[in-house]
Amino acid sequence: MTSHCCEAMTSRVNARCDQHNDAFACPDALIDHSAKFQEYGLIIHDGGTSSITIDFCPWCGRRLPESQRDRWFDELERRGIDPREDEVPAEFQDGSWLAPLRRE
């Protein structure tokens, strides 16, 4: 289980429903977390997979990590990978790709 800024956020992000395999289908799911982009969002329950990105935790008020979406696309482009057409390497499917960049 991945931990986040506070127990409440960790609980909400890691919550699993026994009736819904997808958080976007579960009316009780509130938070979407994208590890590969380091983004948090409030789920919009309209039948799709939309969320509204948030910058602060709704429970503890801490600033959440800055989105790495642009860096993700920049790093793939640097490697000559087009995510719309090419297979994206496994380390770019989660937050693993960020580890080497954090050391820079």
# chains A, B, ... in the order shown; residues from 1 in each chain; ligands from 1
$ residues_around --residues "A:Val88" --least-positions-apart "4" --cutoff "12 Å" --atoms "only C-alpha atoms" --output "list of chain:residue names"
A:Lys36, A:Trp72, A:Phe73, A:Glu75, A:Leu76, A:Glu77, A:Arg79, A:Gly80, A:Ile81, A:Asp82, A:Pro83, A:Arg84, A:Phe92, A:Gln93, A:Asp94, A:Trp97
$ residues_around --residues "A:Gly48" --least-positions-apart "3" --cutoff "12 Å" --atoms "only C-alpha atoms" --output "PDB file with N, CA, C and O atoms, in the first residue's frame"
ATOM      1  N   ASP A  22     -13.320  -0.609 -10.999  1.00  0.00           N
ATOM      2  CA  ASP A  22     -12.806   0.669 -11.463  1.00  0.00           C
ATOM      3  C   ASP A  22     -13.288   1.784 -10.531  1.00  0.00           C
ATOM      4  O   ASP A  22     -14.490   1.909 -10.273  1.00  0.00           O
ATOM      5  N   ALA A  23     -12.362   2.592 -10.033  1.00  0.00           N
ATOM      6  CA  ALA A  23     -12.724   3.682  -9.130  1.00  0.00           C
ATOM      7  C   ALA A  23     -13.704   4.658  -9.777  1.00  0.00           C
ATOM      8  O   ALA A  23     -14.554   5.233  -9.100  1.00  0.00           O
ATOM      9  N   PHE A  24     -13.602   4.841 -11.090  1.00  0.00           N
ATOM     10  CA  PHE A  24     -14.495   5.778 -11.769  1.00  0.00           C
ATOM     11  C   PHE A  24     -15.934   5.267 -11.824  1.00  0.00           C
ATOM     12  O   PHE A  24     -16.862   6.042 -12.012  1.00  0.00           O
ATOM     13  N   ALA A  25     -16.121   3.967 -11.626  1.00  0.00           N
ATOM     14  CA  ALA A  25     -17.467   3.381 -11.608  1.00  0.00           C
ATOM     15  C   ALA A  25     -18.046   3.329 -10.200  1.00  0.00           C
ATOM     16  O   ALA A  25     -19.241   3.127 -10.030  1.00  0.00           O
ATOM     17  N   CYS A  26     -17.208   3.527  -9.195  1.00  0.00           N
ATOM     18  CA  CYS A  26     -17.646   3.426  -7.797  1.00  0.00           C
ATOM     19  C   CYS A  26     -18.055   4.791  -7.261  1.00  0.00           C
ATOM     20  O   CYS A  26     -17.219   5.708  -7.187  1.00  0.00           O
ATOM     21  N   ILE A  43     -12.515  12.770  -8.532  1.00  0.00           N
ATOM     22  CA  ILE A  43     -13.200  12.015  -9.581  1.00  0.00           C
ATOM     23  C   ILE A  43     -14.541  12.653  -9.914  1.00  0.00           C
ATOM     24  O   ILE A  43     -15.311  13.003  -9.022  1.00  0.00           O
ATOM     25  N   ILE A  44     -14.794  12.808 -11.203  1.00  0.00           N
ATOM     26  CA  ILE A  44     -16.079  13.303 -11.691  1.00  0.00           C
ATOM     27  C   ILE A  44     -16.893  12.075 -12.087  1.00  0.00           C
ATOM     28  O   ILE A  44     -16.533  11.368 -13.024  1.00  0.00           O
ATOM     29  N   HIS A  45     -17.942  11.806 -11.354  1.00  0.00           N
ATOM     30  CA  HIS A  45     -18.749  10.612 -11.600  1.00  0.00           C
ATOM     31  C   HIS A  45     -19.831  10.892 -12.645  1.00  0.00           C
ATOM     32  O   HIS A  45     -20.997  11.088 -12.328  1.00  0.00           O
ATOM     33  N   SER A  51     -11.280  13.644 -14.054  1.00  0.00           N
ATOM     34  CA  SER A  51     -11.086  14.125 -12.693  1.00  0.00           C
ATOM     35  C   SER A  51     -10.603  15.567 -12.764  1.00  0.00           C
ATOM     36  O   SER A  51     -10.104  16.012 -13.793  1.00  0.00           O
TER      37      SER A  51
END
$ closest_residue --among "A:Gly95, A:Gly41, A:Pro27, A:Pro89" --to "A:Ile54" --atoms "only C-alpha atoms"
A:Gly41
$ closest_residue --among "A:Arg69, A:Ala99, A:Asp86, A:Leu64" --to "A:Cys5" --atoms "only C-alpha atoms"
A:Leu64
$ residues_around --residues "A:Cys60" --least-positions-apart "5" --cutoff "9 Å" --atoms "only C-alpha atoms" --output "compact mmCIF listing (two decimals) with all heavy atoms, in the first residue's frame"
# COMPACT_ATOMS: atom_id res chain seq x y z
N CYS A 5 0.15 11.94 1.70
CA CYS A 5 0.42 13.04 2.62
C CYS A 5 -0.14 12.84 4.03
O CYS A 5 0.40 13.37 4.99
CB CYS A 5 -0.07 14.35 2.03
SG CYS A 5 -1.85 14.33 1.64
N CYS A 6 -1.23 12.10 4.15
CA CYS A 6 -1.86 11.88 5.45
C CYS A 6 -2.63 10.55 5.41
O CYS A 6 -2.81 9.97 4.34
CB CYS A 6 -2.78 13.03 5.84
SG CYS A 6 -4.23 13.23 4.76
N ALA A 8 -5.79 9.99 5.87
CA ALA A 8 -7.06 10.09 5.14
C ALA A 8 -6.84 9.98 3.63
O ALA A 8 -7.57 9.26 2.95
CB ALA A 8 -7.77 11.39 5.49
N MET A 9 -5.82 10.68 3.11
CA MET A 9 -5.53 10.60 1.68
C MET A 9 -5.08 9.19 1.31
O MET A 9 -5.54 8.62 0.31
CB MET A 9 -4.46 11.62 1.28
CG MET A 9 -4.11 11.58 -0.21
SD MET A 9 -5.43 12.09 -1.32
CE MET A 9 -5.08 13.83 -1.43
$ decode --residues "stretch 37-72 of chain A" --atoms "N, CA, C and O atoms" --output "mmCIF file, in the first residue's frame"
data_model
loop_
_atom_site.group_PDB
_atom_site.id
_atom_site.type_symbol
_atom_site.label_atom_id
_atom_site.label_comp_id
_atom_site.auth_asym_id
_atom_site.auth_seq_id
_atom_site.Cartn_x
_atom_site.Cartn_y
_atom_site.Cartn_z
ATOM 1 N N PHE A 37 2.245 10.435 -13.320
ATOM 2 C CA PHE A 37 2.261 11.893 -13.445
ATOM 3 C C PHE A 37 2.397 12.598 -12.101
ATOM 4 O O PHE A 37 2.525 13.813 -12.043
ATOM 5 N N GLN A 38 2.313 11.840 -10.999
ATOM 6 C CA GLN A 38 2.308 12.413 -9.651
ATOM 7 C C GLN A 38 1.181 13.423 -9.498
ATOM 8 O O GLN A 38 1.365 14.514 -8.957
ATOM 9 N N GLU A 39 0.003 13.067 -9.995
ATOM 10 C CA GLU A 39 -1.157 13.948 -9.935
ATOM 11 C C GLU A 39 -2.265 13.338 -9.079
ATOM 12 O O GLU A 39 -2.455 12.127 -9.078
ATOM 13 N N TYR A 40 -2.981 14.217 -8.389
ATOM 14 C CA TYR A 40 -4.159 13.834 -7.629
ATOM 15 C C TYR A 40 -5.345 14.569 -8.216
ATOM 16 O O TYR A 40 -5.220 15.723 -8.641
ATOM 17 N N GLY A 41 -6.509 13.924 -8.226
ATOM 18 C CA GLY A 41 -7.692 14.588 -8.747
ATOM 19 C C GLY A 41 -8.957 14.113 -8.062
ATOM 20 O O GLY A 41 -9.019 13.004 -7.534
ATOM 21 N N LEU A 42 -9.956 14.983 -8.066
ATOM 22 C CA LEU A 42 -11.289 14.628 -7.585
ATOM 23 C C LEU A 42 -12.029 13.976 -8.746
ATOM 24 O O LEU A 42 -12.135 14.560 -9.831
ATOM 25 N N ILE A 43 -12.515 12.770 -8.532
ATOM 26 C CA ILE A 43 -13.200 12.015 -9.581
ATOM 27 C C ILE A 43 -14.541 12.653 -9.914
ATOM 28 O O ILE A 43 -15.311 13.003 -9.022
ATOM 29 N N ILE A 44 -14.794 12.808 -11.203
ATOM 30 C CA ILE A 44 -16.079 13.303 -11.691
ATOM 31 C C ILE A 44 -16.893 12.075 -12.087
ATOM 32 O O ILE A 44 -16.533 11.368 -13.024
ATOM 33 N N HIS A 45 -17.942 11.806 -11.354
ATOM 34 C CA HIS A 45 -18.749 10.612 -11.600
ATOM 35 C C HIS A 45 -19.831 10.892 -12.645
ATOM 36 O O HIS A 45 -20.997 11.088 -12.328
ATOM 37 N N ASP A 46 -19.385 10.915 -13.896
ATOM 38 C CA ASP A 46 -20.309 11.172 -15.007
ATOM 39 C C ASP A 46 -20.314 10.032 -16.019
ATOM 40 O O ASP A 46 -20.780 10.193 -17.135
ATOM 41 N N GLY A 47 -19.761 8.895 -15.617
ATOM 42 C CA GLY A 47 -19.707 7.743 -16.508
ATOM 43 C C GLY A 47 -18.408 7.627 -17.274
ATOM 44 O O GLY A 47 -18.164 6.626 -17.934
ATOM 45 N N GLY A 48 -17.547 8.630 -17.180
ATOM 46 C CA GLY A 48 -16.258 8.613 -17.877
ATOM 47 C C GLY A 48 -15.112 8.440 -16.896
ATOM 48 O O GLY A 48 -15.299 7.928 -15.784
ATOM 49 N N THR A 49 -13.937 8.881 -17.308
ATOM 50 C CA THR A 49 -12.739 8.753 -16.467
ATOM 51 C C THR A 49 -12.103 10.121 -16.221
ATOM 52 O O THR A 49 -10.884 10.248 -16.167
ATOM 53 N N SER A 50 -12.928 11.140 -16.049
ATOM 54 C CA SER A 50 -12.422 12.491 -15.809
ATOM 55 C C SER A 50 -12.229 12.745 -14.325
ATOM 56 O O SER A 50 -12.917 12.179 -13.477
ATOM 57 N N SER A 51 -11.280 13.644 -14.054
ATOM 58 C CA SER A 51 -11.086 14.125 -12.693
ATOM 59 C C SER A 51 -10.603 15.567 -12.764
ATOM 60 O O SER A 51 -10.104 16.012 -13.793
ATOM 61 N N ILE A 52 -10.762 16.272 -11.666
ATOM 62 C CA ILE A 52 -10.292 17.652 -11.557
ATOM 63 C C ILE A 52 -9.025 17.623 -10.715
ATOM 64 O O ILE A 52 -9.046 17.202 -9.552
ATOM 65 N N THR A 53 -7.915 18.040 -11.305
ATOM 66 C CA THR A 53 -6.637 18.032 -10.607
ATOM 67 C C THR A 53 -6.691 18.959 -9.398
ATOM 68 O O THR A 53 -7.231 20.062 -9.472
ATOM 69 N N ILE A 54 -6.127 18.478 -8.290
ATOM 70 C CA ILE A 54 -6.071 19.276 -7.065
ATOM 71 C C ILE A 54 -4.619 19.492 -6.662
ATOM 72 O O ILE A 54 -3.758 18.661 -6.940
ATOM 73 N N ASP A 55 -4.356 20.622 -6.030
ATOM 74 C CA ASP A 55 -2.995 20.975 -5.609
ATOM 75 C C ASP A 55 -2.770 20.792 -4.112
ATOM 76 O O ASP A 55 -1.635 20.791 -3.652
ATOM 77 N N PHE A 56 -3.874 20.687 -3.353
ATOM 78 C CA PHE A 56 -3.775 20.550 -1.903
ATOM 79 C C PHE A 56 -4.649 19.388 -1.442
ATOM 80 O O PHE A 56 -5.704 19.125 -2.017
ATOM 81 N N CYS A 57 -4.223 18.716 -0.393
ATOM 82 C CA CYS A 57 -4.998 17.617 0.168
ATOM 83 C C CYS A 57 -6.275 18.165 0.804
ATOM 84 O O CYS A 57 -6.214 19.104 1.610
ATOM 85 N N PRO A 58 -7.432 17.580 0.462
ATOM 86 C CA PRO A 58 -8.691 18.042 1.055
ATOM 87 C C PRO A 58 -8.798 17.760 2.554
ATOM 88 O O PRO A 58 -9.621 18.366 3.233
ATOM 89 N N TRP A 59 -7.977 16.854 3.088
ATOM 90 C CA TRP A 59 -8.073 16.483 4.495
ATOM 91 C C TRP A 59 -7.048 17.182 5.374
ATOM 92 O O TRP A 59 -7.400 17.728 6.409
ATOM 93 N N CYS A 60 -5.782 17.183 4.971
ATOM 94 C CA CYS A 60 -4.755 17.789 5.840
ATOM 95 C C CYS A 60 -4.302 19.159 5.351
ATOM 96 O O CYS A 60 -3.637 19.885 6.080
ATOM 97 N N GLY A 61 -4.636 19.516 4.121
ATOM 98 C CA GLY A 61 -4.287 20.825 3.594
ATOM 99 C C GLY A 61 -2.885 20.952 3.039
ATOM 100 O O GLY A 61 -2.510 22.010 2.547
ATOM 101 N N ARG A 62 -2.092 19.877 3.111
ATOM 102 C CA ARG A 62 -0.725 19.955 2.576
ATOM 103 C C ARG A 62 -0.730 20.125 1.068
ATOM 104 O O ARG A 62 -1.596 19.607 0.378
ATOM 105 N N ARG A 63 0.299 20.839 0.582
ATOM 106 C CA ARG A 63 0.487 20.957 -0.861
ATOM 107 C C ARG A 63 0.876 19.587 -1.384
ATOM 108 O O ARG A 63 1.710 18.897 -0.811
ATOM 109 N N LEU A 64 0.237 19.189 -2.468
ATOM 110 C CA LEU A 64 0.532 17.898 -3.099
ATOM 111 C C LEU A 64 1.685 18.081 -4.077
ATOM 112 O O LEU A 64 1.997 19.208 -4.481
ATOM 113 N N PRO A 65 2.348 16.974 -4.453
ATOM 114 C CA PRO A 65 3.490 17.095 -5.372
ATOM 115 C C PRO A 65 3.091 17.780 -6.679
ATOM 116 O O PRO A 65 1.962 17.651 -7.143
ATOM 117 N N GLU A 66 4.041 18.489 -7.253
ATOM 118 C CA GLU A 66 3.815 19.145 -8.537
ATOM 119 C C GLU A 66 3.654 18.083 -9.622
ATOM 120 O O GLU A 66 4.373 17.082 -9.647
ATOM 121 N N SER A 67 2.715 18.301 -10.504
ATOM 122 C CA SER A 67 2.474 17.366 -11.604
ATOM 123 C C SER A 67 3.737 17.185 -12.438
ATOM 124 O O SER A 67 4.447 18.142 -12.731
ATOM 125 N N GLN A 68 3.979 15.948 -12.825
ATOM 126 C CA GLN A 68 5.121 15.618 -13.669
ATOM 127 C C GLN A 68 4.680 15.241 -15.082
ATOM 128 O O GLN A 68 5.435 14.659 -15.851
ATOM 129 N N ARG A 69 3.446 15.590 -15.431
ATOM 130 C CA ARG A 69 2.890 15.233 -16.745
ATOM 131 C C ARG A 69 3.776 15.748 -17.882
ATOM 132 O O ARG A 69 4.121 15.006 -18.798
ATOM 133 N N ASP A 70 4.154 17.025 -17.845
ATOM 134 C CA ASP A 70 4.986 17.589 -18.916
ATOM 135 C C ASP A 70 6.341 16.900 -18.984
ATOM 136 O O ASP A 70 6.839 16.598 -20.070
ATOM 137 N N ARG A 71 6.941 16.636 -17.816
ATOM 138 C CA ARG A 71 8.244 15.931 -17.785
ATOM 139 C C ARG A 71 8.116 14.523 -18.354
ATOM 140 O O ARG A 71 9.034 14.032 -18.999
ATOM 141 N N TRP A 72 6.971 13.859 -18.086
ATOM 142 C CA TRP A 72 6.740 12.511 -18.589
ATOM 143 C C TRP A 72 6.790 12.516 -20.117
ATOM 144 O O TRP A 72 7.503 11.725 -20.729
#
